[in-house]
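*Asks:* I'm passing along entry-v4.txt; it holds compact mmCIF, N, CA and C atoms.
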```
# COMPACT_ATOMS: atom_id res chain seq x y z
N MET A 1 71.30 131.58 83.51
CA MET A 1 72.31 130.67 84.02
C MET A 1 71.86 129.24 83.76
N LYS A 2 72.74 128.43 83.23
CA LYS A 2 72.43 127.04 82.94
C LYS A 2 72.44 126.25 84.25
N ASN A 3 71.39 125.48 84.47
CA ASN A 3 71.33 124.65 85.67
C ASN A 3 72.25 123.46 85.53
N ARG A 4 72.87 123.07 86.61
CA ARG A 4 73.68 121.87 86.62
C ARG A 4 73.51 121.20 87.97
N ILE A 5 73.80 119.93 88.00
CA ILE A 5 73.74 119.20 89.25
C ILE A 5 74.98 119.56 90.06
N ILE A 6 74.77 119.83 91.32
CA ILE A 6 75.88 120.12 92.22
C ILE A 6 76.06 118.89 93.10
N LYS A 7 77.23 118.29 93.02
CA LYS A 7 77.56 117.12 93.83
C LYS A 7 78.72 117.51 94.72
N ILE A 8 78.64 117.11 95.98
CA ILE A 8 79.70 117.47 96.92
C ILE A 8 80.16 116.22 97.66
N LYS A 9 81.48 116.08 97.74
CA LYS A 9 82.11 115.02 98.51
C LYS A 9 83.00 115.70 99.54
N VAL A 10 83.46 114.94 100.52
CA VAL A 10 84.47 115.45 101.45
C VAL A 10 85.59 114.43 101.54
N TYR A 11 86.80 114.93 101.76
CA TYR A 11 87.92 114.04 102.06
C TYR A 11 88.08 114.05 103.56
N ASP A 12 88.03 112.88 104.18
CA ASP A 12 88.16 112.71 105.62
C ASP A 12 89.64 112.46 105.93
N TYR A 13 90.32 113.47 106.50
CA TYR A 13 91.74 113.35 106.81
C TYR A 13 92.01 112.28 107.87
N GLU A 14 91.03 112.06 108.77
CA GLU A 14 91.20 111.07 109.83
C GLU A 14 91.11 109.64 109.29
N ARG A 15 90.09 109.39 108.47
CA ARG A 15 89.89 108.05 107.91
C ARG A 15 90.61 107.84 106.58
N LYS A 16 91.12 108.94 106.00
CA LYS A 16 91.86 108.92 104.73
C LYS A 16 91.02 108.31 103.60
N GLN A 17 89.80 108.86 103.46
CA GLN A 17 88.93 108.39 102.39
C GLN A 17 87.99 109.51 101.95
N ILE A 18 87.48 109.38 100.73
CA ILE A 18 86.54 110.34 100.18
C ILE A 18 85.13 109.81 100.40
N ILE A 19 84.23 110.69 100.86
CA ILE A 19 82.86 110.31 101.19
C ILE A 19 81.89 111.26 100.49
N PRO A 20 80.94 110.75 99.66
CA PRO A 20 79.91 111.63 99.08
C PRO A 20 78.96 112.10 100.18
N ILE A 21 78.60 113.40 100.18
CA ILE A 21 77.69 113.87 101.22
C ILE A 21 76.37 114.44 100.69
N CYS A 22 76.34 114.99 99.48
CA CYS A 22 75.05 115.47 98.99
C CYS A 22 75.07 115.71 97.49
N GLU A 23 73.88 115.72 96.90
CA GLU A 23 73.69 116.04 95.49
C GLU A 23 72.49 116.96 95.42
N ILE A 24 72.65 118.08 94.73
CA ILE A 24 71.58 119.07 94.63
C ILE A 24 71.29 119.30 93.16
N GLY A 25 70.05 119.16 92.78
CA GLY A 25 69.65 119.42 91.41
C GLY A 25 68.42 120.30 91.41
N SER A 26 68.21 121.03 90.34
CA SER A 26 67.06 121.91 90.28
C SER A 26 66.46 121.91 88.89
N SER A 27 65.15 121.88 88.82
CA SER A 27 64.47 122.02 87.54
C SER A 27 64.01 123.46 87.33
N HIS A 28 64.30 124.31 88.29
CA HIS A 28 63.92 125.71 88.19
C HIS A 28 65.13 126.54 87.80
N ASN A 29 64.91 127.62 87.09
CA ASN A 29 65.99 128.50 86.69
C ASN A 29 66.28 129.46 87.83
N THR A 30 67.35 129.21 88.56
CA THR A 30 67.73 130.07 89.67
C THR A 30 69.09 130.68 89.39
N ASP A 31 69.30 131.87 89.88
CA ASP A 31 70.57 132.55 89.67
C ASP A 31 71.58 132.24 90.77
N PHE A 32 71.10 131.72 91.89
CA PHE A 32 72.03 131.39 92.97
C PHE A 32 71.43 130.32 93.85
N LEU A 33 72.29 129.70 94.58
CA LEU A 33 71.88 128.66 95.51
C LEU A 33 72.73 128.83 96.75
N THR A 34 72.10 128.82 97.89
CA THR A 34 72.84 128.94 99.12
C THR A 34 72.72 127.63 99.88
N LEU A 35 73.85 127.08 100.22
CA LEU A 35 73.90 125.85 100.99
C LEU A 35 74.79 126.13 102.19
N VAL A 36 74.23 126.04 103.37
CA VAL A 36 74.99 126.32 104.58
C VAL A 36 75.23 125.01 105.31
N CYS A 37 76.48 124.71 105.53
CA CYS A 37 76.86 123.48 106.23
C CYS A 37 77.95 123.81 107.23
N GLN A 38 77.95 123.09 108.32
CA GLN A 38 79.07 123.17 109.25
C GLN A 38 79.82 121.85 109.13
N ILE A 39 81.03 121.94 108.67
CA ILE A 39 81.82 120.74 108.40
C ILE A 39 83.06 120.77 109.30
N PRO A 40 83.27 119.71 110.07
CA PRO A 40 84.44 119.68 110.95
C PRO A 40 85.74 119.83 110.16
N GLU A 41 86.79 120.34 110.81
CA GLU A 41 88.07 120.59 110.15
C GLU A 41 88.71 119.34 109.58
N ARG A 42 88.33 118.18 110.06
CA ARG A 42 88.97 116.96 109.55
C ARG A 42 88.52 116.64 108.13
N PHE A 43 87.55 117.39 107.61
CA PHE A 43 87.03 117.16 106.27
C PHE A 43 87.44 118.29 105.32
N GLN A 44 87.71 117.94 104.06
CA GLN A 44 87.96 118.90 102.99
C GLN A 44 86.81 118.76 101.99
N VAL A 45 86.08 119.82 101.73
CA VAL A 45 84.95 119.79 100.79
C VAL A 45 85.48 119.68 99.36
N ILE A 46 84.86 118.80 98.58
CA ILE A 46 85.27 118.54 97.20
C ILE A 46 84.03 118.68 96.31
N GLU A 47 84.01 119.65 95.41
CA GLU A 47 82.83 119.89 94.57
C GLU A 47 82.97 119.24 93.19
N PHE A 48 81.84 118.75 92.68
CA PHE A 48 81.75 118.23 91.32
C PHE A 48 82.10 119.37 90.36
N ALA A 49 82.99 119.11 89.41
CA ALA A 49 83.46 120.16 88.50
C ALA A 49 82.49 120.45 87.36
N GLY A 50 81.48 119.62 87.19
CA GLY A 50 80.49 119.88 86.14
C GLY A 50 80.78 119.18 84.83
N PHE A 51 81.81 118.35 84.78
CA PHE A 51 82.12 117.61 83.55
C PHE A 51 82.56 116.19 83.90
N TYR A 52 82.65 115.39 82.86
CA TYR A 52 82.92 113.96 83.03
C TYR A 52 84.14 113.54 82.21
N ALA A 53 84.83 112.51 82.70
CA ALA A 53 85.95 111.92 81.97
C ALA A 53 85.41 111.06 80.84
N LYS A 54 86.31 110.52 80.01
CA LYS A 54 85.88 109.74 78.84
C LYS A 54 85.13 108.47 79.22
N ASP A 55 85.32 107.97 80.45
CA ASP A 55 84.56 106.79 80.90
C ASP A 55 83.27 107.19 81.61
N GLU A 56 82.86 108.46 81.45
CA GLU A 56 81.65 109.04 82.04
C GLU A 56 81.73 109.17 83.56
N ARG A 57 82.91 109.06 84.10
CA ARG A 57 83.12 109.24 85.54
C ARG A 57 83.07 110.73 85.85
N PRO A 58 82.29 111.15 86.86
CA PRO A 58 82.24 112.58 87.20
C PRO A 58 83.59 113.05 87.74
N CYS A 59 83.98 114.26 87.37
CA CYS A 59 85.25 114.83 87.82
C CYS A 59 84.99 115.81 88.96
N TYR A 60 85.83 115.74 89.97
CA TYR A 60 85.71 116.58 91.16
C TYR A 60 86.96 117.42 91.35
N GLU A 61 86.79 118.53 92.06
CA GLU A 61 87.93 119.33 92.48
C GLU A 61 88.89 118.42 93.24
N GLY A 62 90.16 118.49 92.92
CA GLY A 62 91.15 117.64 93.57
C GLY A 62 91.46 116.36 92.81
N ASP A 63 90.62 116.01 91.81
CA ASP A 63 90.93 114.85 90.99
C ASP A 63 92.18 115.13 90.16
N ILE A 64 92.87 114.08 89.81
CA ILE A 64 94.02 114.19 88.91
C ILE A 64 93.60 113.56 87.60
N ILE A 65 93.72 114.33 86.52
CA ILE A 65 93.32 113.82 85.20
C ILE A 65 94.54 113.74 84.30
N ASN A 66 94.55 112.72 83.45
CA ASN A 66 95.58 112.61 82.43
C ASN A 66 95.03 113.31 81.21
N PHE A 67 95.64 114.42 80.85
CA PHE A 67 95.14 115.29 79.78
C PHE A 67 96.32 115.64 78.88
N GLY A 68 96.31 115.16 77.66
CA GLY A 68 97.38 115.45 76.71
C GLY A 68 98.73 114.89 77.14
N GLY A 69 98.72 113.78 77.87
CA GLY A 69 99.96 113.17 78.31
C GLY A 69 100.49 113.70 79.64
N TYR A 70 99.84 114.69 80.21
CA TYR A 70 100.24 115.25 81.50
C TYR A 70 99.17 114.94 82.53
N ASN A 71 99.58 114.73 83.77
CA ASN A 71 98.64 114.55 84.88
C ASN A 71 98.46 115.90 85.56
N LEU A 72 97.25 116.43 85.48
CA LEU A 72 96.94 117.75 86.04
C LEU A 72 95.93 117.62 87.16
N ALA A 73 96.05 118.47 88.17
CA ALA A 73 95.09 118.51 89.27
C ALA A 73 93.96 119.46 88.91
N ILE A 74 92.72 119.05 89.17
CA ILE A 74 91.57 119.94 88.94
C ILE A 74 91.45 120.86 90.15
N VAL A 75 91.49 122.17 89.88
CA VAL A 75 91.47 123.19 90.92
C VAL A 75 90.39 124.21 90.58
N PHE A 76 89.64 124.69 91.59
CA PHE A 76 88.68 125.76 91.37
C PHE A 76 89.41 127.07 91.60
N GLN A 77 89.45 127.90 90.55
CA GLN A 77 90.22 129.15 90.60
C GLN A 77 89.51 130.23 89.81
N LYS A 78 89.28 131.35 90.43
CA LYS A 78 88.70 132.52 89.77
C LYS A 78 87.41 132.17 89.02
N GLY A 79 86.54 131.41 89.67
CA GLY A 79 85.22 131.13 89.14
C GLY A 79 85.09 129.98 88.18
N GLU A 80 86.17 129.21 87.96
CA GLU A 80 86.07 128.06 87.06
C GLU A 80 87.05 126.96 87.48
N PHE A 81 86.79 125.76 86.99
CA PHE A 81 87.68 124.64 87.26
C PHE A 81 88.75 124.58 86.18
N VAL A 82 90.01 124.45 86.60
CA VAL A 82 91.14 124.41 85.68
C VAL A 82 92.07 123.26 86.06
N GLY A 83 92.93 122.86 85.11
CA GLY A 83 93.94 121.85 85.38
C GLY A 83 95.27 122.53 85.64
N LYS A 84 95.98 122.09 86.70
CA LYS A 84 97.25 122.73 87.05
C LYS A 84 98.32 121.70 87.35
N PHE A 85 99.58 122.10 87.10
CA PHE A 85 100.73 121.29 87.47
C PHE A 85 100.96 121.39 88.98
N LYS A 86 101.76 120.47 89.51
CA LYS A 86 101.97 120.36 90.95
C LYS A 86 102.41 121.68 91.59
N GLU A 87 103.40 122.36 91.01
CA GLU A 87 103.93 123.59 91.61
C GLU A 87 102.94 124.75 91.53
N GLU A 88 101.92 124.62 90.72
CA GLU A 88 100.98 125.73 90.48
C GLU A 88 99.71 125.64 91.31
N ILE A 89 99.47 124.51 91.97
CA ILE A 89 98.19 124.26 92.64
C ILE A 89 97.81 125.37 93.61
N GLU A 90 98.74 125.79 94.45
CA GLU A 90 98.44 126.77 95.50
C GLU A 90 98.49 128.22 95.03
N ASP A 91 99.02 128.49 93.85
CA ASP A 91 99.24 129.86 93.38
C ASP A 91 98.11 130.28 92.42
N GLU A 92 97.21 131.13 92.92
CA GLU A 92 96.09 131.58 92.08
C GLU A 92 96.51 132.57 91.00
N ASN A 93 97.73 133.08 91.07
CA ASN A 93 98.20 134.02 90.05
C ASN A 93 98.66 133.32 88.79
N ILE A 94 98.86 132.01 88.86
CA ILE A 94 99.25 131.24 87.69
C ILE A 94 97.98 130.63 87.09
N PRO A 95 97.63 131.03 85.86
CA PRO A 95 96.41 130.49 85.27
C PRO A 95 96.59 129.00 84.95
N GLY A 96 95.52 128.25 85.11
CA GLY A 96 95.57 126.83 84.77
C GLY A 96 95.05 126.61 83.36
N PHE A 97 95.03 125.35 82.95
CA PHE A 97 94.48 124.99 81.66
C PHE A 97 92.98 124.88 81.79
N ILE A 98 92.26 125.62 80.95
CA ILE A 98 90.80 125.55 80.99
C ILE A 98 90.37 124.20 80.44
N ILE A 99 89.53 123.53 81.19
CA ILE A 99 89.04 122.21 80.78
C ILE A 99 87.64 122.40 80.24
N ARG A 100 87.49 122.20 78.95
CA ARG A 100 86.18 122.37 78.32
C ARG A 100 85.25 121.26 78.74
N HIS A 101 84.05 121.62 79.10
CA HIS A 101 83.07 120.65 79.59
C HIS A 101 82.75 119.59 78.53
N GLU A 102 82.84 119.96 77.27
CA GLU A 102 82.51 119.00 76.22
C GLU A 102 83.70 118.12 75.83
N ALA A 103 84.87 118.42 76.36
CA ALA A 103 86.07 117.65 76.02
C ALA A 103 86.21 116.46 76.97
N HIS A 104 85.76 115.31 76.53
CA HIS A 104 85.79 114.11 77.37
C HIS A 104 86.97 113.23 77.02
N ASN A 105 88.06 113.80 76.55
CA ASN A 105 89.18 113.00 76.09
C ASN A 105 90.28 112.88 77.16
N PHE A 106 89.89 112.75 78.40
CA PHE A 106 90.84 112.57 79.49
C PHE A 106 90.31 111.52 80.46
N GLU A 107 91.19 111.02 81.30
CA GLU A 107 90.76 110.05 82.30
C GLU A 107 91.21 110.48 83.69
N VAL A 108 90.44 110.09 84.70
CA VAL A 108 90.80 110.35 86.09
C VAL A 108 91.77 109.26 86.52
N VAL A 109 92.94 109.68 87.05
CA VAL A 109 93.95 108.71 87.46
C VAL A 109 94.20 108.71 88.97
N GLY A 110 93.53 109.59 89.70
CA GLY A 110 93.71 109.65 91.15
C GLY A 110 93.17 110.96 91.68
N ASN A 111 93.60 111.32 92.90
CA ASN A 111 93.22 112.61 93.48
C ASN A 111 94.39 113.13 94.31
N VAL A 112 94.40 114.43 94.56
CA VAL A 112 95.53 115.07 95.24
C VAL A 112 95.63 114.69 96.71
N PHE A 113 94.57 114.18 97.28
CA PHE A 113 94.58 113.81 98.70
C PHE A 113 95.31 112.49 98.92
N GLU A 114 95.15 111.57 97.99
CA GLU A 114 95.73 110.24 98.14
C GLU A 114 96.91 109.99 97.19
N ASN A 115 97.03 110.79 96.12
CA ASN A 115 98.04 110.51 95.09
C ASN A 115 98.72 111.78 94.57
N LEU A 116 99.07 112.72 95.43
CA LEU A 116 99.66 113.98 94.97
C LEU A 116 100.90 113.74 94.11
N ASP A 117 101.60 112.66 94.36
CA ASP A 117 102.81 112.35 93.58
C ASP A 117 102.51 112.06 92.11
N LEU A 118 101.24 111.80 91.77
CA LEU A 118 100.87 111.54 90.37
C LEU A 118 100.78 112.82 89.54
N VAL A 119 100.63 113.98 90.19
CA VAL A 119 100.48 115.23 89.45
C VAL A 119 101.82 115.57 88.79
N SER A 120 101.77 115.87 87.50
CA SER A 120 102.98 116.19 86.75
C SER A 120 103.62 117.47 87.26
N SER A 121 104.93 117.49 87.26
CA SER A 121 105.70 118.66 87.63
C SER A 121 105.96 119.49 86.38
N THR A 122 106.08 120.80 86.55
CA THR A 122 106.40 121.65 85.40
C THR A 122 107.79 121.34 84.87
N SER A 123 108.60 120.63 85.62
CA SER A 123 109.96 120.30 85.17
C SER A 123 109.95 119.33 83.98
N ILE A 124 108.81 118.68 83.72
CA ILE A 124 108.76 117.75 82.58
C ILE A 124 108.41 118.45 81.27
N LEU A 125 108.05 119.73 81.37
CA LEU A 125 107.69 120.47 80.15
C LEU A 125 108.92 120.71 79.29
N PRO A 126 108.74 120.72 77.97
CA PRO A 126 109.88 121.01 77.09
C PRO A 126 110.44 122.39 77.39
N LYS A 127 111.75 122.51 77.41
CA LYS A 127 112.41 123.78 77.67
C LYS A 127 112.40 124.65 76.43
N LYS A 128 112.18 125.95 76.61
CA LYS A 128 112.23 126.89 75.48
C LYS A 128 113.69 127.10 75.09
N THR A 129 113.93 127.09 73.79
CA THR A 129 115.31 127.28 73.32
C THR A 129 115.46 128.59 72.59
```
Show me the file's structure as structure tokens.

*Replies:*
Amino acid sequence: MKNRIIKIKVYDYERKQIIPICEIGSSHNTDFLTLVCQIPERFQVIEFAGFYAKDERPCYEGDIINFGGYNLAIVFQKGEFVGKFKEEIEDENIPGFIIRHEAHNFEVVGNVFENLDLVSSTSILPKKT
């Protein structure tokens, strides 16, 4: 298993802001890591997705990225981070767009907690004829 830095933020629903809480890195080859935290309900945990935007900004779950002209929300689904349209965010049965870690050709334009209206709707997609 390739080691990566694990960065975690939380969204504070009461204060309406994102707060970094920890960064975990390892120089040892481990197959798993257990982190036990008790987080009050007013917080939403947001994990680093393991890749960066074209400006080298780290991307997190819940970020909104402009990718190929569409604004997609980064969602953790079925073991990987994917980009999804607004109507698809809550539905795990709809596969998202796989975001390649080496593809840095997108930018972060917001996050779903503060800017959900920025996420593109599937209604903007070209209709099949």

*Asks:* Between A:Tyr70, A:Phe76, A:Tyr13, A:Phe81, which residue has the minimum interatomic distance to A:Ser121, considering only N, CA and C atoms?

*Replies:*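 Between A:Tyr70, A:Phe76, A:Tyr13, A:Phe81, the residue approaching A:Ser121 most closely is A:Tyr70.
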
*Asks:* Would you compute an axis-aligned box for stretch 107-125 of chain A, covering every atom listed for it in the file with 5 Å of margin on each side, and report centre and edge lengths in Å to one decimal as JSON?

*Replies:*
```
{"center_x": 100.2, "center_y": 115.2, "center_z": 89.1, "size_x": 29.5, "size_y": 22.9, "size_z": 29.6}
```

*Asks:* Could you state the separation of atom C of A:Ile94 and atom C of A:Lys9 in Å, given to one decimal place?

*Replies:*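 Atom C of A:Lys9 lies at a distance of 24.5 Å from atom C of A:Ile94.
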
*Asks:* Would you work out the distance separating atom CA of A:Asn93 from atom CA of A:Val75, expressed in Å to one decimal?

*Replies:*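 Between atom CA of A:Asn93 and atom CA of A:Val75 the gap is 12.8 Å.
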
*Asks:* Kindly provide, as JSON, numbers by chain, the polymer residues lying within 5 Å of (90.4, 115.3, 110.1), counting all atoms listed in the file and using the coordinates exactly as they appear in the file.

*Replies:* {"A": [13, 14, 41, 42, 43]}

*Asks:* Out of A:Asn71, A:Phe106, A:Cys59, A:Phe113, which residue has the shortest atom-to-atom distance to A:Phe85 when counting only N, CA and C atoms?

*Replies:*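 Distance minimum relative to A:Phe85 lands on A:Asn71.
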
*Asks:* Give me, please, the distance in Å between atom CA of A:Val108 and atom N of A:Ile39, quoted to one decimal.

*Replies:*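 Between these atoms lies a distance of 27.2 Å.
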
*Asks:* Looking at all atoms listed in the file, which of A:Glu87, A:Ile74, A:Asp63, A:Glu92 is the one that sits closest to A:Thr122?

*Replies:* A:Glu87

*Asks:* Per DSSP on the backbone, filter stretch 31-103 of chain A down to the residues in strand (DSSP E) and report them as a ChimeraX atom specification.

*Replies:* /A:43-52,58-60,63-67,70-77,80-84,97-98

*Asks:* For A:Gln77, which of A:Val112, A:Pro95, A:Ile46, A:Ile64 is the closest residue, counting only C-alpha atoms?

*Replies:*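 Once distances to A:Gln77 are computed over only C-alpha atoms, the minimum belongs to A:Pro95.
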
*Asks:* Excluding A:Ile98 and any residue of its chain fewer than 2 positions from it, enumerate the residues within 6.5 Å of it, using all atoms listed in the file, and give them as a VMD selection string.

*Replies:* chain A and resid 81 to 83 96 100

*Asks:* Can you pull out every residue within 10 Å of A:Asn66, counting only C-alpha atoms, but drop anything in the same chain fewer than 5 positions away, and send it as a VMD selection string?

*Replies:* chain A and resid 53 71 to 73 83 105 to 110 118 to 120

*Asks:* May I ask which of the residues A:Val10, A:Leu116, A:Ile18, A:Ile89 is the closest one to A:Val45, counting all atoms listed in the file?

*Replies:* A:Val10

*Asks:* Starting from the structure just given, write a file holding stretch 60-71 of chain A with all heavy atoms, as a PDB file, in the first residue's frame.

*Replies:*
```
ATOM      1  N   TYR A  60     -10.105  18.395  -0.834  1.00  0.00           N
ATOM      2  CA  TYR A  60     -10.769  17.694   0.260  1.00  0.00           C
ATOM      3  C   TYR A  60     -12.153  17.220  -0.168  1.00  0.00           C
ATOM      4  O   TYR A  60     -12.774  17.795  -1.070  1.00  0.00           O
ATOM      5  CB  TYR A  60     -10.930  18.623   1.471  1.00  0.00           C
ATOM      6  CG  TYR A  60      -9.647  18.866   2.223  1.00  0.00           C
ATOM      7  CD1 TYR A  60      -8.743  19.824   1.797  1.00  0.00           C
ATOM      8  CD2 TYR A  60      -9.341  18.122   3.351  1.00  0.00           C
ATOM      9  CE1 TYR A  60      -7.554  20.044   2.481  1.00  0.00           C
ATOM     10  CE2 TYR A  60      -8.164  18.334   4.043  1.00  0.00           C
ATOM     11  CZ  TYR A  60      -7.274  19.288   3.607  1.00  0.00           C
ATOM     12  OH  TYR A  60      -6.106  19.493   4.284  1.00  0.00           O
ATOM     13  N   GLU A  61     -12.628  16.191   0.520  1.00  0.00           N
ATOM     14  CA  GLU A  61     -14.003  15.747   0.344  1.00  0.00           C
ATOM     15  C   GLU A  61     -14.911  16.953   0.583  1.00  0.00           C
ATOM     16  O   GLU A  61     -14.718  17.712   1.529  1.00  0.00           O
ATOM     17  CB  GLU A  61     -14.302  14.651   1.366  1.00  0.00           C
ATOM     18  CG  GLU A  61     -15.685  14.113   1.334  1.00  0.00           C
ATOM     19  CD  GLU A  61     -15.896  13.011   2.361  1.00  0.00           C
ATOM     20  OE1 GLU A  61     -15.041  12.815   3.237  1.00  0.00           O
ATOM     21  OE2 GLU A  61     -16.936  12.356   2.266  1.00  0.00           O
ATOM     22  N   GLY A  62     -15.868  17.164  -0.301  1.00  0.00           N
ATOM     23  CA  GLY A  62     -16.771  18.299  -0.170  1.00  0.00           C
ATOM     24  C   GLY A  62     -16.342  19.517  -0.965  1.00  0.00           C
ATOM     25  O   GLY A  62     -17.125  20.441  -1.157  1.00  0.00           O
ATOM     26  N   ASP A  63     -15.077  19.529  -1.449  1.00  0.00           N
ATOM     27  CA  ASP A  63     -14.656  20.634  -2.300  1.00  0.00           C
ATOM     28  C   ASP A  63     -15.412  20.575  -3.622  1.00  0.00           C
ATOM     29  O   ASP A  63     -15.822  19.505  -4.078  1.00  0.00           O
ATOM     30  CB  ASP A  63     -13.150  20.574  -2.603  1.00  0.00           C
ATOM     31  CG  ASP A  63     -12.300  21.174  -1.494  1.00  0.00           C
ATOM     32  OD1 ASP A  63     -12.850  21.831  -0.590  1.00  0.00           O
ATOM     33  OD2 ASP A  63     -11.073  20.988  -1.542  1.00  0.00           O
ATOM     34  N   ILE A  64     -15.554  21.718  -4.242  1.00  0.00           N
ATOM     35  CA  ILE A  64     -16.156  21.797  -5.575  1.00  0.00           C
ATOM     36  C   ILE A  64     -15.027  22.155  -6.528  1.00  0.00           C
ATOM     37  O   ILE A  64     -14.310  23.131  -6.311  1.00  0.00           O
ATOM     38  CB  ILE A  64     -17.257  22.874  -5.636  1.00  0.00           C
ATOM     39  CG1 ILE A  64     -18.354  22.547  -4.631  1.00  0.00           C
ATOM     40  CG2 ILE A  64     -17.823  22.968  -7.053  1.00  0.00           C
ATOM     41  CD1 ILE A  64     -19.345  23.682  -4.418  1.00  0.00           C
ATOM     42  N   ILE A  65     -14.849  21.320  -7.550  1.00  0.00           N
ATOM     43  CA  ILE A  65     -13.778  21.555  -8.519  1.00  0.00           C
ATOM     44  C   ILE A  65     -14.372  21.838  -9.883  1.00  0.00           C
ATOM     45  O   ILE A  65     -15.405  21.286 -10.242  1.00  0.00           O
ATOM     46  CB  ILE A  65     -12.801  20.358  -8.597  1.00  0.00           C
ATOM     47  CG1 ILE A  65     -13.524  19.066  -8.985  1.00  0.00           C
ATOM     48  CG2 ILE A  65     -12.047  20.180  -7.286  1.00  0.00           C
ATOM     49  CD1 ILE A  65     -12.595  17.915  -9.322  1.00  0.00           C
ATOM     50  N   ASN A  66     -13.719  22.724 -10.627  1.00  0.00           N
ATOM     51  CA  ASN A  66     -14.108  22.963 -12.008  1.00  0.00           C
ATOM     52  C   ASN A  66     -13.268  22.015 -12.841  1.00  0.00           C
ATOM     53  O   ASN A  66     -12.052  22.121 -12.896  1.00  0.00           O
ATOM     54  CB  ASN A  66     -13.869  24.413 -12.423  1.00  0.00           C
ATOM     55  CG  ASN A  66     -14.355  24.639 -13.833  1.00  0.00           C
ATOM     56  OD1 ASN A  66     -13.686  24.280 -14.793  1.00  0.00           O
ATOM     57  ND2 ASN A  66     -15.531  25.212 -13.957  1.00  0.00           N
ATOM     58  N   PHE A  67     -13.932  21.058 -13.466  1.00  0.00           N
ATOM     59  CA  PHE A  67     -13.261  19.978 -14.183  1.00  0.00           C
ATOM     60  C   PHE A  67     -13.945  19.830 -15.535  1.00  0.00           C
ATOM     61  O   PHE A  67     -15.119  19.494 -15.603  1.00  0.00           O
ATOM     62  CB  PHE A  67     -13.378  18.695 -13.358  1.00  0.00           C
ATOM     63  CG  PHE A  67     -12.541  17.553 -13.853  1.00  0.00           C
ATOM     64  CD1 PHE A  67     -11.162  17.559 -13.704  1.00  0.00           C
ATOM     65  CD2 PHE A  67     -13.136  16.462 -14.460  1.00  0.00           C
ATOM     66  CE1 PHE A  67     -10.406  16.496 -14.142  1.00  0.00           C
ATOM     67  CE2 PHE A  67     -12.373  15.394 -14.902  1.00  0.00           C
ATOM     68  CZ  PHE A  67     -11.001  15.421 -14.744  1.00  0.00           C
ATOM     69  N   GLY A  68     -13.251  20.154 -16.605  1.00  0.00           N
ATOM     70  CA  GLY A  68     -13.809  20.027 -17.947  1.00  0.00           C
ATOM     71  C   GLY A  68     -14.991  20.947 -18.193  1.00  0.00           C
ATOM     72  O   GLY A  68     -15.895  20.611 -18.954  1.00  0.00           O
ATOM     73  N   GLY A  69     -15.014  22.095 -17.524  1.00  0.00           N
ATOM     74  CA  GLY A  69     -16.103  23.041 -17.711  1.00  0.00           C
ATOM     75  C   GLY A  69     -17.297  22.819 -16.791  1.00  0.00           C
ATOM     76  O   GLY A  69     -18.252  23.584 -16.818  1.00  0.00           O
ATOM     77  N   TYR A  70     -17.276  21.765 -15.991  1.00  0.00           N
ATOM     78  CA  TYR A  70     -18.355  21.474 -15.049  1.00  0.00           C
ATOM     79  C   TYR A  70     -17.832  21.624 -13.632  1.00  0.00           C
ATOM     80  O   TYR A  70     -16.679  21.303 -13.344  1.00  0.00           O
ATOM     81  CB  TYR A  70     -18.879  20.043 -15.236  1.00  0.00           C
ATOM     82  CG  TYR A  70     -19.444  19.783 -16.606  1.00  0.00           C
ATOM     83  CD1 TYR A  70     -18.761  18.980 -17.514  1.00  0.00           C
ATOM     84  CD2 TYR A  70     -20.653  20.343 -16.997  1.00  0.00           C
ATOM     85  CE1 TYR A  70     -19.285  18.748 -18.774  1.00  0.00           C
ATOM     86  CE2 TYR A  70     -21.178  20.108 -18.254  1.00  0.00           C
ATOM     87  CZ  TYR A  70     -20.489  19.306 -19.140  1.00  0.00           C
ATOM     88  OH  TYR A  70     -21.002  19.077 -20.383  1.00  0.00           O
ATOM     89  N   ASN A  71     -18.680  22.073 -12.723  1.00  0.00           N
ATOM     90  CA  ASN A  71     -18.339  22.136 -11.305  1.00  0.00           C
ATOM     91  C   ASN A  71     -18.863  20.876 -10.636  1.00  0.00           C
ATOM     92  O   ASN A  71     -20.078  20.660 -10.568  1.00  0.00           O
ATOM     93  CB  ASN A  71     -18.946  23.371 -10.646  1.00  0.00           C
ATOM     94  CG  ASN A  71     -18.252  24.648 -11.050  1.00  0.00           C
ATOM     95  OD1 ASN A  71     -17.147  24.626 -11.579  1.00  0.00           O
ATOM     96  ND2 ASN A  71     -18.889  25.767 -10.797  1.00  0.00           N
TER      97      ASN A  71
END
```
